[in-house]
$ cat work.cif   # mmCIF, C-alpha atoms and all ligand atoms
data_target
#
loop_
_atom_site.label_atom_id
_atom_site.label_comp_id
_atom_site.auth_asym_id
_atom_site.auth_seq_id
_atom_site.Cartn_x
_atom_site.Cartn_y
_atom_site.Cartn_z
CA MET X 46 0.00 0.00 0.00
CA GLN X 47 1.28 3.46 -0.93
CA GLU X 48 1.51 5.64 2.20
CA GLU X 49 0.59 9.28 1.63
CA PRO X 50 3.91 11.11 1.82
CA PHE X 51 4.52 12.97 5.03
CA LEU X 52 4.55 16.67 4.16
CA TRP X 53 7.95 18.25 4.75
CA GLY X 54 7.57 21.90 4.00
CA VAL X 55 8.37 25.50 4.69
CA ALA X 56 5.85 28.25 5.36
CA THR X 57 5.69 31.92 4.40
CA SER X 58 3.11 34.67 4.15
CA ALA X 59 2.77 37.06 1.24
CA PHE X 60 2.85 40.33 3.14
CA GLN X 61 5.88 39.36 5.19
CA LEU X 62 7.82 38.69 2.00
CA GLU X 63 6.48 41.23 -0.44
CA GLY X 64 4.51 43.93 1.44
CA SER X 65 1.62 45.68 -0.30
CA PRO X 66 0.83 49.39 -0.67
CA HIS X 67 -2.88 48.66 -0.15
CA ALA X 68 -2.61 46.64 3.06
CA ASP X 69 -3.52 47.93 6.51
CA TRP X 70 -0.07 46.93 7.82
CA SER X 71 1.79 49.05 5.26
CA THR X 72 1.08 52.16 7.33
CA TRP X 73 0.93 50.43 10.69
CA ASP X 74 4.65 49.87 11.27
CA ASP X 75 7.21 52.61 10.43
CA ILE X 76 9.82 50.11 9.35
CA LEU X 77 7.65 49.29 6.34
CA SER X 78 7.82 52.84 5.00
CA GLU X 79 11.58 52.30 4.60
CA LYS X 80 11.21 48.85 3.06
CA PRO X 81 7.73 48.64 1.52
CA ASP X 82 8.40 45.56 -0.59
CA VAL X 83 10.42 43.87 2.18
CA THR X 84 12.38 41.09 0.38
CA SER X 85 11.03 41.97 -3.11
CA HIS X 86 9.66 38.45 -3.32
CA TYR X 87 6.82 39.73 -5.51
CA SER X 88 9.36 40.13 -8.32
CA LEU X 89 11.97 37.58 -7.16
CA TYR X 90 9.49 34.73 -6.55
CA ARG X 91 10.89 32.48 -9.30
CA GLU X 92 14.35 32.57 -7.71
CA ASP X 93 12.90 32.00 -4.24
CA LEU X 94 10.87 29.01 -5.39
CA LYS X 95 14.08 27.42 -6.66
CA LEU X 96 15.28 27.35 -3.04
CA LEU X 97 12.51 24.86 -2.33
CA ARG X 98 14.19 22.42 -4.68
CA GLN X 99 17.51 22.88 -2.86
CA LEU X 100 15.77 22.00 0.39
CA GLY X 101 14.00 19.01 -1.14
CA VAL X 102 10.66 19.88 0.48
CA ASN X 103 7.54 18.26 -0.91
CA ALA X 104 5.17 20.99 0.30
CA TYR X 105 5.10 24.77 0.49
CA ARG X 106 2.72 26.87 2.54
CA PHE X 107 2.18 30.44 1.34
CA SER X 108 -0.57 33.01 1.32
CA LEU X 109 -2.44 35.37 -0.94
CA GLU X 110 -2.13 39.07 -0.26
CA TRP X 111 -5.81 40.00 -0.35
CA SER X 112 -5.02 43.72 -0.67
CA ARG X 113 -3.21 43.11 -3.97
CA ILE X 114 -6.20 41.22 -5.33
CA GLN X 115 -8.78 43.78 -4.15
CA PRO X 116 -6.75 46.99 -3.77
CA HIS X 117 -9.86 49.17 -3.60
CA GLU X 118 -13.44 48.37 -2.78
CA GLY X 119 -15.17 46.89 -5.82
CA GLU X 120 -11.90 46.44 -7.72
CA TRP X 121 -10.42 43.08 -8.68
CA ASP X 122 -6.87 42.81 -9.99
CA GLU X 123 -6.62 39.90 -12.42
CA GLU X 124 -2.87 40.37 -12.77
CA ALA X 125 -2.36 39.77 -9.08
CA VAL X 126 -4.52 36.65 -9.29
CA ALA X 127 -2.51 35.42 -12.27
CA HIS X 128 0.67 36.01 -10.26
CA TYR X 129 -0.48 33.73 -7.44
CA GLN X 130 -1.79 31.16 -9.94
CA GLU X 131 1.65 31.10 -11.52
CA ILE X 132 3.21 30.27 -8.15
CA ILE X 133 0.75 27.38 -7.75
CA ASP X 134 1.56 26.15 -11.28
CA ILE X 135 5.31 26.30 -10.66
CA LEU X 136 4.91 24.34 -7.43
CA ASN X 137 2.82 21.68 -9.14
CA GLU X 138 5.38 21.40 -11.95
CA MET X 139 8.09 20.95 -9.30
CA GLY X 140 6.04 18.20 -7.63
CA ILE X 141 5.63 20.36 -4.52
CA GLU X 142 2.22 20.33 -2.80
CA PRO X 143 0.91 23.89 -2.44
CA MET X 144 -0.80 24.76 0.84
CA LEU X 145 -2.59 28.05 0.39
CA THR X 146 -3.62 30.49 3.13
CA LEU X 147 -6.45 32.84 2.22
CA HIS X 148 -6.00 35.24 5.12
CA HIS X 149 -2.71 35.81 6.95
CA PHE X 150 -3.23 38.83 9.25
CA THR X 151 -3.37 41.60 6.63
CA HIS X 152 -6.43 43.26 5.09
CA PRO X 153 -7.04 45.73 2.32
CA LEU X 154 -7.13 49.20 3.90
CA TRP X 155 -10.70 49.78 2.68
CA PHE X 156 -11.85 46.61 4.45
CA ILE X 157 -10.30 47.33 7.84
CA LYS X 158 -11.51 50.95 7.75
CA LYS X 159 -15.10 50.24 6.75
CA TYR X 160 -15.78 46.63 7.65
CA PRO X 161 -13.55 45.49 10.53
CA TRP X 162 -14.24 41.98 11.78
CA HIS X 163 -16.77 42.95 14.44
CA GLU X 164 -19.04 44.47 11.76
CA PRO X 165 -21.56 42.07 10.18
CA ASP X 166 -20.61 43.31 6.69
CA SER X 167 -17.12 41.85 7.16
CA ILE X 168 -18.73 38.50 6.44
CA VAL X 169 -20.15 39.72 3.14
CA LYS X 170 -16.92 41.38 2.02
CA PHE X 171 -14.58 38.55 2.99
CA GLY X 172 -17.08 36.03 1.62
CA GLY X 173 -17.12 37.84 -1.73
CA TYR X 174 -13.32 37.68 -1.95
CA VAL X 175 -13.30 33.99 -1.05
CA GLU X 176 -16.05 32.99 -3.50
CA ARG X 177 -14.28 34.66 -6.39
CA ILE X 178 -10.71 33.63 -5.64
CA VAL X 179 -11.61 30.04 -4.84
CA ALA X 180 -13.50 29.77 -8.15
CA ARG X 181 -10.57 31.25 -10.01
CA LEU X 182 -7.55 29.34 -8.62
CA LYS X 183 -6.74 25.82 -9.79
CA GLY X 184 -4.32 23.20 -8.53
CA VAL X 185 -4.57 23.53 -4.76
CA ARG X 186 -5.52 20.66 -2.45
CA TYR X 187 -4.51 22.01 0.98
CA TRP X 188 -6.24 25.21 2.05
CA ILE X 189 -6.01 27.32 5.17
CA THR X 190 -8.79 29.84 5.62
CA PHE X 191 -7.31 31.87 8.49
CA ASN X 192 -3.82 31.99 9.91
CA GLU X 193 -3.83 32.30 13.71
CA PRO X 194 -7.24 33.91 14.19
CA TYR X 195 -6.64 34.18 17.95
CA VAL X 196 -3.42 36.15 17.43
CA LEU X 197 -5.37 38.48 15.17
CA LEU X 198 -7.99 38.93 17.90
CA LEU X 199 -5.47 39.30 20.70
CA GLY X 200 -3.43 41.87 18.75
CA GLY X 201 -6.29 43.59 16.94
CA TYR X 202 -9.05 43.54 19.58
CA LEU X 203 -7.53 43.09 23.05
CA GLU X 204 -4.05 44.61 23.05
CA GLY X 205 -4.78 46.92 20.16
CA CYS X 206 -1.27 46.56 18.79
CA MET X 207 -2.39 45.23 15.39
CA PRO X 208 -5.03 46.56 13.00
CA PRO X 209 -7.81 47.47 13.63
CA GLY X 210 -6.19 48.59 16.92
CA ILE X 211 -9.22 48.08 19.17
CA GLN X 212 -9.20 47.18 22.88
CA SER X 213 -12.55 45.64 23.64
CA PRO X 214 -13.30 42.09 24.80
CA ALA X 215 -16.94 42.49 23.69
CA LEU X 216 -15.93 43.43 20.14
CA ALA X 217 -13.30 40.66 20.16
CA LEU X 218 -16.06 38.13 20.75
CA ARG X 219 -18.14 39.56 17.93
CA ALA X 220 -15.11 39.47 15.65
CA LEU X 221 -14.43 35.86 16.64
CA GLU X 222 -17.99 34.91 15.80
CA ASN X 223 -17.77 36.57 12.38
CA ILE X 224 -14.43 34.96 11.62
CA CYS X 225 -15.89 31.56 12.49
CA ILE X 226 -18.83 32.23 10.16
CA CYS X 227 -16.36 33.18 7.43
CA HIS X 228 -14.36 30.00 8.01
CA ALA X 229 -17.51 27.89 7.73
CA GLN X 230 -18.56 29.61 4.51
CA ALA X 231 -15.07 29.35 3.02
CA TYR X 232 -14.92 25.66 3.98
CA ASP X 233 -18.16 24.97 2.08
CA CYS X 234 -17.15 27.11 -0.86
CA ILE X 235 -13.77 25.37 -1.27
CA HIS X 236 -15.42 21.94 -1.13
CA ARG X 237 -18.03 22.97 -3.70
CA ARG X 238 -15.33 24.05 -6.14
CA HIS X 239 -12.45 21.66 -5.48
CA ALA X 240 -13.08 17.94 -5.20
CA GLY X 241 -10.75 16.29 -2.68
CA ALA X 242 -9.78 19.60 -1.04
CA ARG X 243 -8.52 19.58 2.54
CA VAL X 244 -9.36 22.65 4.56
CA SER X 245 -8.24 23.89 7.97
CA ILE X 246 -7.14 26.91 9.90
CA ALA X 247 -3.57 27.37 11.21
CA HIS X 248 -4.05 27.71 14.96
CA ASN X 249 -1.31 29.19 17.12
CA MET X 250 -0.99 27.04 20.23
CA ALA X 251 1.42 27.86 23.04
CA ALA X 252 2.42 25.93 26.13
CA LEU X 253 0.80 28.10 28.81
CA ALA X 254 1.88 27.71 32.43
CA PRO X 255 1.40 29.54 35.74
CA TRP X 256 4.28 31.77 36.77
CA SER X 257 4.19 30.15 40.20
CA ARG X 258 2.68 26.70 40.63
CA TRP X 259 1.97 27.57 44.27
CA ASN X 260 -0.11 30.64 43.52
CA PRO X 261 -3.78 29.70 42.97
CA MET X 262 -4.48 32.94 41.05
CA ASP X 263 -1.64 32.22 38.60
CA ARG X 264 -2.91 28.68 38.17
CA LEU X 265 -6.47 29.81 37.52
CA LEU X 266 -5.26 32.40 35.03
CA ALA X 267 -3.11 29.90 33.13
CA ARG X 268 -6.02 27.49 33.03
CA LEU X 269 -8.43 30.10 31.66
CA ALA X 270 -5.85 31.29 29.14
CA LYS X 271 -5.18 27.75 28.02
CA TYR X 272 -8.86 27.24 27.42
CA PHE X 273 -9.48 30.49 25.58
CA TYR X 274 -6.30 30.68 23.58
CA ASN X 275 -5.57 27.05 22.80
CA HIS X 276 -8.68 25.01 23.27
CA SER X 277 -11.89 26.99 22.74
CA ILE X 278 -11.64 26.73 18.95
CA LEU X 279 -11.33 22.96 19.26
CA ASP X 280 -14.66 22.89 21.09
CA GLY X 281 -16.04 24.96 18.23
CA PHE X 282 -14.92 22.37 15.68
CA LEU X 283 -16.10 19.46 17.85
CA GLU X 284 -19.38 20.78 19.21
CA GLY X 285 -20.17 24.11 17.59
CA VAL X 286 -19.91 25.94 20.92
CA MET X 287 -17.22 27.57 22.99
CA ARG X 288 -17.64 27.43 26.73
CA ILE X 289 -16.29 29.41 29.55
CA LYS X 290 -15.02 26.91 32.10
CA PHE X 291 -14.56 28.03 35.67
CA PRO X 292 -13.51 25.45 38.24
CA PHE X 293 -17.11 24.66 39.20
CA ARG X 294 -19.09 26.06 36.31
CA LYS X 295 -19.39 25.81 32.58
CA GLU X 296 -21.27 28.29 30.49
CA ILE X 297 -21.74 28.62 26.79
CA LEU X 298 -19.91 31.70 25.61
CA LEU X 299 -20.47 31.52 21.89
CA SER X 300 -22.21 29.30 19.36
CA VAL X 301 -20.16 29.03 16.19
CA PRO X 302 -21.16 27.29 12.96
CA ILE X 303 -17.86 25.44 12.48
CA LYS X 304 -18.75 22.01 13.86
CA GLY X 305 -17.06 19.40 11.66
CA LYS X 306 -15.77 22.02 9.20
CA LEU X 307 -12.20 20.76 9.33
CA ASP X 308 -10.36 18.13 7.27
CA TYR X 309 -7.04 18.37 9.08
CA PHE X 310 -5.84 20.66 11.83
CA GLY X 311 -2.95 23.09 11.37
CA VAL X 312 -0.92 23.79 14.51
CA ASN X 313 1.59 26.65 14.72
CA TYR X 314 3.86 26.09 17.71
CA TYR X 315 6.77 28.22 18.93
CA THR X 316 7.08 28.58 22.69
CA ARG X 317 5.93 28.37 26.29
CA VAL X 318 4.63 31.40 28.17
CA HIS X 319 4.39 31.77 31.95
CA MET X 320 1.61 33.96 33.23
CA ARG X 321 0.63 35.56 36.48
CA PHE X 322 -2.16 37.64 37.85
CA ASN X 323 -1.08 41.26 38.27
CA PRO X 324 -3.84 43.81 38.92
CA PHE X 325 -1.60 46.61 37.62
CA LYS X 326 -1.30 45.08 34.14
CA ARG X 327 -3.82 45.24 31.30
CA MET X 328 -6.58 42.71 31.96
CA GLY X 329 -4.67 41.65 35.09
CA ILE X 330 -2.24 39.49 33.12
CA GLU X 331 1.54 39.56 33.13
CA LEU X 332 3.50 37.32 30.78
CA ARG X 333 7.08 36.15 30.98
CA HIS X 334 9.46 33.79 29.22
CA HIS X 335 11.70 31.87 31.65
CA ASP X 336 14.54 29.74 30.34
CA ILE X 337 13.56 26.76 32.44
CA ASP X 338 14.73 23.84 30.28
CA GLY X 339 18.11 25.46 29.63
CA HIS X 340 17.56 25.55 25.85
CA GLY X 341 17.72 29.35 25.97
CA LEU X 342 15.55 32.10 24.52
CA THR X 343 15.14 33.10 20.89
CA ASP X 344 15.91 36.56 19.50
CA MET X 345 12.22 37.30 20.06
CA GLY X 346 12.83 36.57 23.76
CA TRP X 347 10.70 33.40 23.51
CA GLU X 348 11.50 30.33 25.58
CA ILE X 349 12.67 27.31 23.60
CA HIS X 350 10.49 24.50 24.90
CA PRO X 351 10.17 21.53 22.52
CA GLY X 352 8.19 19.54 25.10
CA GLY X 353 5.27 21.92 24.65
CA LEU X 354 4.82 20.77 21.07
CA GLU X 355 3.96 17.28 22.28
CA LYS X 356 1.43 18.69 24.76
CA VAL X 357 -0.40 20.79 22.19
CA LEU X 358 -0.41 17.98 19.62
CA ARG X 359 -1.76 15.56 22.21
CA TYR X 360 -4.55 17.98 22.98
CA ALA X 361 -5.28 18.64 19.30
CA SER X 362 -5.56 14.89 18.72
CA ARG X 363 -9.00 15.12 20.36
CA LEU X 364 -10.23 16.50 17.06
CA LYS X 365 -9.69 13.10 15.43
CA VAL X 366 -8.47 14.62 12.18
CA PRO X 367 -4.90 14.48 10.84
CA LEU X 368 -2.62 17.07 12.40
CA ILE X 369 -0.12 19.15 10.46
CA ILE X 370 2.42 21.43 12.10
CA THR X 371 1.83 24.38 9.82
CA GLU X 372 4.55 26.50 11.48
CA ASN X 373 7.49 25.92 13.79
CA GLY X 374 10.70 27.92 13.83
CA ILE X 375 13.05 30.24 15.65
CA ALA X 376 14.33 33.76 15.21
CA THR X 377 18.09 33.63 15.62
CA ARG X 378 21.19 34.64 13.71
CA ARG X 379 23.08 31.66 15.10
CA ASP X 380 22.97 28.65 12.79
CA HIS X 381 23.76 26.06 15.43
CA LYS X 382 20.90 27.33 17.58
CA LYS X 383 18.52 27.07 14.63
CA ILE X 384 19.70 23.53 13.95
CA GLN X 385 19.30 22.49 17.59
CA PHE X 386 15.81 23.96 17.68
CA MET X 387 14.88 22.10 14.53
CA ARG X 388 16.39 18.81 15.68
CA ARG X 389 14.66 18.95 19.06
CA HIS X 390 11.26 19.79 17.57
CA VAL X 391 11.49 17.21 14.78
CA ASP X 392 12.41 14.66 17.47
CA VAL X 393 9.22 15.52 19.30
CA VAL X 394 7.16 15.19 16.13
CA GLU X 395 8.61 11.76 15.45
CA ARG X 396 8.02 10.67 19.03
CA CYS X 397 4.42 11.78 18.73
CA ILE X 398 3.96 9.77 15.54
CA GLN X 399 5.54 6.69 17.13
CA SER X 400 3.18 7.03 20.07
CA GLY X 401 0.24 6.83 17.65
CA MET X 402 -0.66 10.47 16.98
CA ASP X 403 -1.85 11.14 13.46
CA VAL X 404 0.68 13.81 12.45
CA ARG X 405 1.00 14.21 8.68
CA GLY X 406 3.27 17.15 8.10
CA TYR X 407 5.82 19.63 9.42
CA PHE X 408 6.39 23.11 7.99
CA TRP X 409 9.36 25.21 9.03
CA TRP X 410 8.78 28.94 9.48
CA SER X 411 10.27 30.32 7.31
CA LEU X 412 11.90 29.90 3.91
CA ILE X 413 13.79 33.20 3.88
CA ASP X 414 14.17 36.02 6.42
CA ASN X 415 11.22 38.36 6.23
CA TYR X 416 9.28 41.08 8.01
CA GLU X 417 8.22 40.04 11.49
CA TRP X 418 5.08 41.73 12.83
CA LEU X 419 5.98 44.64 15.11
CA ALA X 420 9.57 43.41 15.32
CA GLY X 421 10.83 44.45 11.89
CA LEU X 422 13.59 42.88 9.85
CA ASP X 423 15.97 41.78 12.59
CA SER X 424 14.12 38.63 13.62
CA ARG X 425 15.83 36.06 11.45
CA PHE X 426 13.44 33.15 10.98
CA GLY X 427 14.74 32.17 7.53
CA LEU X 428 16.54 29.06 6.36
CA TYR X 429 18.06 31.50 3.86
CA LYS X 430 19.48 34.77 5.12
CA VAL X 431 18.37 37.91 3.33
CA ASP X 432 20.64 40.89 3.00
CA PHE X 433 18.01 43.62 3.02
CA ASP X 434 20.29 46.07 1.20
CA THR X 435 21.36 43.90 -1.71
CA LEU X 436 18.37 41.51 -1.49
CA LYS X 437 20.78 38.57 -1.83
CA ARG X 438 19.68 35.27 -0.32
CA LYS X 439 22.31 33.10 1.38
CA GLN X 440 21.90 29.55 2.56
CA THR X 441 22.25 28.93 6.31
CA GLN X 442 23.59 25.70 7.75
CA ALA X 443 20.09 25.09 9.07
CA ALA X 444 18.88 24.86 5.46
CA ALA X 445 21.44 22.13 4.76
CA TYR X 446 20.43 20.35 7.94
CA TYR X 447 16.73 20.51 7.05
CA ALA X 448 17.53 19.15 3.58
CA TYR X 449 19.34 16.26 5.28
CA ILE X 450 16.40 15.52 7.59
CA ILE X 451 13.99 15.57 4.68
CA ARG X 452 16.16 13.29 2.52
CA SER X 453 16.69 10.74 5.26
CA ARG X 454 13.01 10.66 6.26
CA MET X 455 11.84 10.35 2.67
CA ASN X 456 14.27 7.46 2.13
CA MET X 457 12.93 5.77 5.23
CA GLN X 458 9.37 6.14 3.96
CA LYS X 459 10.36 4.65 0.57
CA LYS X 460 12.10 1.76 2.30
CA ARG X 461 8.99 1.06 4.38
CA GLU X 462 6.92 0.94 1.18
CA VAL X 463 9.35 -1.42 -0.56
CA ASP X 464 9.47 -3.67 2.49
CA HIS X 465 5.72 -3.67 2.64
CA VAL X 466 5.31 -4.57 -1.04
CA SER X 467 7.90 -7.34 -0.80
CA GLY X 468 6.06 -8.72 2.24
CA ASN X 469 9.17 -8.15 4.20
CA ALA X 470 7.76 -5.97 6.93
CA GLN X 471 10.80 -4.90 8.83
CA VAL X 472 11.04 -2.51 11.65
CA VAL X 473 12.85 0.46 10.24
CA GLN X 474 15.49 1.60 12.62
CA GLU X 475 15.23 5.19 13.67
CA VAL X 476 17.97 7.20 11.93
CA THR X 477 19.98 9.14 14.46
CA HIS X 478 20.19 12.82 13.79
CA SER X 479 23.83 13.27 13.01
CA ALA X 480 24.80 16.42 11.18
CA PRO X 481 24.93 16.02 7.39
O1 LIG X 501 5.79 35.50 11.55
C1 LIG X 501 4.79 34.89 12.25
C2 LIG X 501 3.73 34.33 11.30
O2 LIG X 501 3.19 35.32 10.48
C3 LIG X 501 2.61 33.72 12.10
N1 LIG X 501 3.07 32.81 13.08
C4 LIG X 501 4.16 33.22 13.94
C5 LIG X 501 5.30 33.76 13.09
C6 LIG X 501 6.46 34.19 14.00
O3 LIG X 501 6.04 35.16 14.89
#
$ encode --input "work.cif" --output "structure tokens"
Amino acid sequence: MQEEPFLWGVATSAFQLEGSPHADWSTWDDILSEKPDVTSHYSLYREDLKLLRQLGVNAYRFSLEWSRIQPHEGEWDEEAVAHYQEIIDILNEMGIEPMLTLHHFTHPLWFIKKYPWHEPDSIVKFGGYVERIVARLKGVRYWITFNEPYVLLLGGYLEGCMPPGIQSPALALRALENICICHAQAYDCIHRRHAGARVSIAHNMAALAPWSRWNPMDRLLARLAKYFYNHSILDGFLEGVMRIKFPFRKEILLSVPIKGKLDYFGVNYYTRVHMRFNPFKRMGIELRHHDIDGHGLTDMGWEIHPGGLEKVLRYASRLKVPLIITENGIATRRDHKKIQFMRRHVDVVERCIQSGMDVRGYFWWSLIDNYEWLAGLDSRFGLYKVDFDTLKRKQTQAAAYYAYIIRSRMNMQKKREVDHVSGNAQVVQEVTHSAP
């Protein structure tokens, strides 16, 4: 029997690589006025796609920049659509599975000004974009409707540090409801148009822990945060409701029409966060990254905690759909640190698979250095370094290491298939991760 190949990929988002003059973020962060087209990927995409071949990935996750496709209300830019279709065609010619994200944080300016997510018309406007683009694009099997909707809500509706820059829990809930409606509609629309499509969201899950295990307030806070941030959307997919769970009470918070509207589940995992109750902080919450495991912190100041990936995958397994790690990566300029991070997280993924979890793919964030939200161009997530003055791309050692992992794992999968066909079911020895 032919096993479906495990997806070894890299992930990017359009805006972070190419910017867009019509996107809300283009005026949100000053750094972008100096570097509006960031890595110039919009013109250098053919060269960048060749890097995928060097890595040997069999999948590539990328996104559409909605504000290029609908730069003004009522306008539709066919050239931009053709551009993204060309990327899909190139990937298919290269034998690389495209995974396409419809919404990755950015919006056309006209949308965020007139129809932000808490407005009912956001559903109509986003729905119109989805209907038309989904009908137009060909050659995609894996779809992601929304990247990290909870990060969007946290940044855009609670902290106010991302567009639309609102600080209101009540509006955040309304926005969440509308985004869920949009996911459900997009899910149906994609299935109507594309037989065999697989649709998900990419959900950011973090390992959330109390600052002090002995402090009951910290523990309660971490528990509530874990439910809201990590788990409530899973209840939405499983039961169509999100609940607020206090120690002795459960109440329905929101009914959402997403029950069963999921073919696989995309998990973005990066770090662990410790939290404590502090009445002097916004919403009474203070967050900190401790280097507890001794793996260090990333250039974003995030704790490196591979063990958390297993925890979130175990929890996500409740959904009973295949799991794909749609993002995992580290911002660092130090190659050996990137390699260690990758090795430790891939180890966890393989342990999870051996223990019976249905994990079908792993995508490294990111292919090349790019713009990091609110952090600028210094957070080096790329397997290829970008010199932002000359725009030259340079391979890191982590890219060579990832290529080695991919090659060895693909060979193991082929060997398993051959053994299976020849009736010679052997136990394939785990390849140790020595450097290439
Ligand atoms: O760069 C982001 C990406 O857009 C979404 N997930 C987390 C990444 C690193 O912060």
$ closest_residue --input "work.cif" --among "X:Arg106, X:Arg237, X:Arg438, X:Lys356" --to "Thr84 of chain X" --atoms "only C-alpha atoms"
X:Arg438
$ closest_residue --input "work.cif" --among "X:Trp155, X:Tyr314, X:Tyr429, X:Tyr446" --to "ligand LIG 501 (chain X)" --atoms "all atoms listed in the file"
X:Tyr314
$ residues_around --input "work.cif" --residues "segment 91-95 of chain X" --least-positions-apart "5" --cutoff "12 Å" --atoms "all atoms listed in the file" --output "PyMOL selection string"
chain X and resi 55-57+62-63+84-86+100-102+104-107+128-129+131-139+141+143+411-414+427-431+436-440
$ residues_near_ligand --input "work.cif" --ligand "ligand LIG 501 (chain X)" --cutoff "8 Å" --atoms "all atoms listed in the file" --output "PyMOL selection string"
chain X and resi 57-58+61+149-150+192-193+249+313+315+372+374-376+410+416-418+426
$ closest_residue --input "work.cif" --among "X:Val463, X:Leu77, X:Ala267, X:Ala443" --to "Met387 of chain X" --atoms "only C-alpha atoms"
X:Ala443
$ atom_distance --input "work.cif" --atom1 "atom CA of Glu110 of chain X" --atom2 "atom CA of Leu182 of chain X"
13.9 Å
$ atom_distance --input "work.cif" --atom1 "atom CA of Thr151 of chain X" --atom2 "atom CA of Leu96 of chain X"
25.4 Å
$ residues_around --input "work.cif" --residues "segment 399-404 of chain X" --least-positions-apart "4" --cutoff "8 Å" --atoms "only C-alpha atoms" --output "tab-separated table (two decimals) with C-alpha atoms, in the coordinates of the input"
chain	number	residue	atom	x	y	z
X	358	LEU	CA	-0.41	17.98	19.62
X	359	ARG	CA	-1.76	15.56	22.21
X	362	SER	CA	-5.56	14.89	18.72
X	366	VAL	CA	-8.47	14.62	12.18
X	367	PRO	CA	-4.90	14.48	10.84
X	368	LEU	CA	-2.62	17.07	12.40
X	369	ILE	CA	-0.12	19.15	10.46
X	370	ILE	CA	2.42	21.43	12.10
X	394	VAL	CA	7.16	15.19	16.13
X	395	GLU	CA	8.61	11.76	15.45
$ residues_near_point --input "work.cif" --point "(-16.4, 43.3, 7.9)" --cutoff "12 Å" --atoms "all atoms listed in the file" --output "PDB file with C-alpha atoms, keeping the file's coordinate frame"
ATOM      1  CA  HIS X 152      -6.430  43.260   5.090  1.00  0.00           C
ATOM      2  CA  PRO X 153      -7.040  45.730   2.320  1.00  0.00           C
ATOM      3  CA  LEU X 154      -7.130  49.200   3.900  1.00  0.00           C
ATOM      4  CA  TRP X 155     -10.700  49.780   2.680  1.00  0.00           C
ATOM      5  CA  PHE X 156     -11.850  46.610   4.450  1.00  0.00           C
ATOM      6  CA  ILE X 157     -10.300  47.330   7.840  1.00  0.00           C
ATOM      7  CA  LYS X 158     -11.510  50.950   7.750  1.00  0.00           C
ATOM      8  CA  LYS X 159     -15.100  50.240   6.750  1.00  0.00           C
ATOM      9  CA  TYR X 160     -15.780  46.630   7.650  1.00  0.00           C
ATOM     10  CA  PRO X 161     -13.550  45.490  10.530  1.00  0.00           C
ATOM     11  CA  TRP X 162     -14.240  41.980  11.780  1.00  0.00           C
ATOM     12  CA  HIS X 163     -16.770  42.950  14.440  1.00  0.00           C
ATOM     13  CA  GLU X 164     -19.040  44.470  11.760  1.00  0.00           C
ATOM     14  CA  PRO X 165     -21.560  42.070  10.180  1.00  0.00           C
ATOM     15  CA  ASP X 166     -20.610  43.310   6.690  1.00  0.00           C
ATOM     16  CA  SER X 167     -17.120  41.850   7.160  1.00  0.00           C
ATOM     17  CA  ILE X 168     -18.730  38.500   6.440  1.00  0.00           C
ATOM     18  CA  VAL X 169     -20.150  39.720   3.140  1.00  0.00           C
ATOM     19  CA  LYS X 170     -16.920  41.380   2.020  1.00  0.00           C
ATOM     20  CA  PHE X 171     -14.580  38.550   2.990  1.00  0.00           C
ATOM     21  CA  GLY X 172     -17.080  36.030   1.620  1.00  0.00           C
ATOM     22  CA  GLY X 173     -17.120  37.840  -1.730  1.00  0.00           C
ATOM     23  CA  TYR X 174     -13.320  37.680  -1.950  1.00  0.00           C
ATOM     24  CA  PRO X 209      -7.810  47.470  13.630  1.00  0.00           C
ATOM     25  CA  ARG X 219     -18.140  39.560  17.930  1.00  0.00           C
ATOM     26  CA  ALA X 220     -15.110  39.470  15.650  1.00  0.00           C
ATOM     27  CA  LEU X 221     -14.430  35.860  16.640  1.00  0.00           C
ATOM     28  CA  GLU X 222     -17.990  34.910  15.800  1.00  0.00           C
ATOM     29  CA  ASN X 223     -17.770  36.570  12.380  1.00  0.00           C
ATOM     30  CA  ILE X 224     -14.430  34.960  11.620  1.00  0.00           C
ATOM     31  CA  ILE X 226     -18.830  32.230  10.160  1.00  0.00           C
ATOM     32  CA  CYS X 227     -16.360  33.180   7.430  1.00  0.00           C
TER      33      CYS X 227
END
$ atom_distance --input "work.cif" --atom1 "atom CA of Phe60 of chain X" --atom2 "atom CA of Arg327 of chain X"
29.4 Å
$ residues_near_point --input "work.cif" --point "(-2.0, 22.7, -0.1)" --cutoff "7 Å" --atoms "only C-alpha atoms" --output "list in words"
Arg106, Glu142, Pro143, Met144, Leu145, Val185, Arg186, Tyr187 and Trp188 of chain X
$ closest_residue --input "work.cif" --among "X:Pro81, X:Gly468, X:Gly285, X:Gly353" --to "Ser300 of chain X" --atoms "only C-alpha atoms"
X:Gly285
$ residues_around --input "work.cif" --residues "Gly200 of chain X" --least-positions-apart "2" --cutoff "12 Å" --atoms "all atoms listed in the file" --output "compact mmCIF listing (two decimals) with C-alpha atoms, keeping the file's coordinate frame"
# COMPACT_ATOMS: atom_id res chain seq x y z
CA PHE X 150 -3.23 38.83 9.25
CA GLU X 193 -3.83 32.30 13.71
CA PRO X 194 -7.24 33.91 14.19
CA TYR X 195 -6.64 34.18 17.95
CA VAL X 196 -3.42 36.15 17.43
CA LEU X 197 -5.37 38.48 15.17
CA LEU X 198 -7.99 38.93 17.90
CA TYR X 202 -9.05 43.54 19.58
CA LEU X 203 -7.53 43.09 23.05
CA GLU X 204 -4.05 44.61 23.05
CA GLY X 205 -4.78 46.92 20.16
CA CYS X 206 -1.27 46.56 18.79
CA MET X 207 -2.39 45.23 15.39
CA PRO X 208 -5.03 46.56 13.00
CA PRO X 209 -7.81 47.47 13.63
CA GLY X 210 -6.19 48.59 16.92
CA ILE X 211 -9.22 48.08 19.17
CA GLN X 212 -9.20 47.18 22.88
CA SER X 213 -12.55 45.64 23.64
CA PRO X 214 -13.30 42.09 24.80
CA ALA X 217 -13.30 40.66 20.16
CA TRP X 418 5.08 41.73 12.83
CA LEU X 419 5.98 44.64 15.11
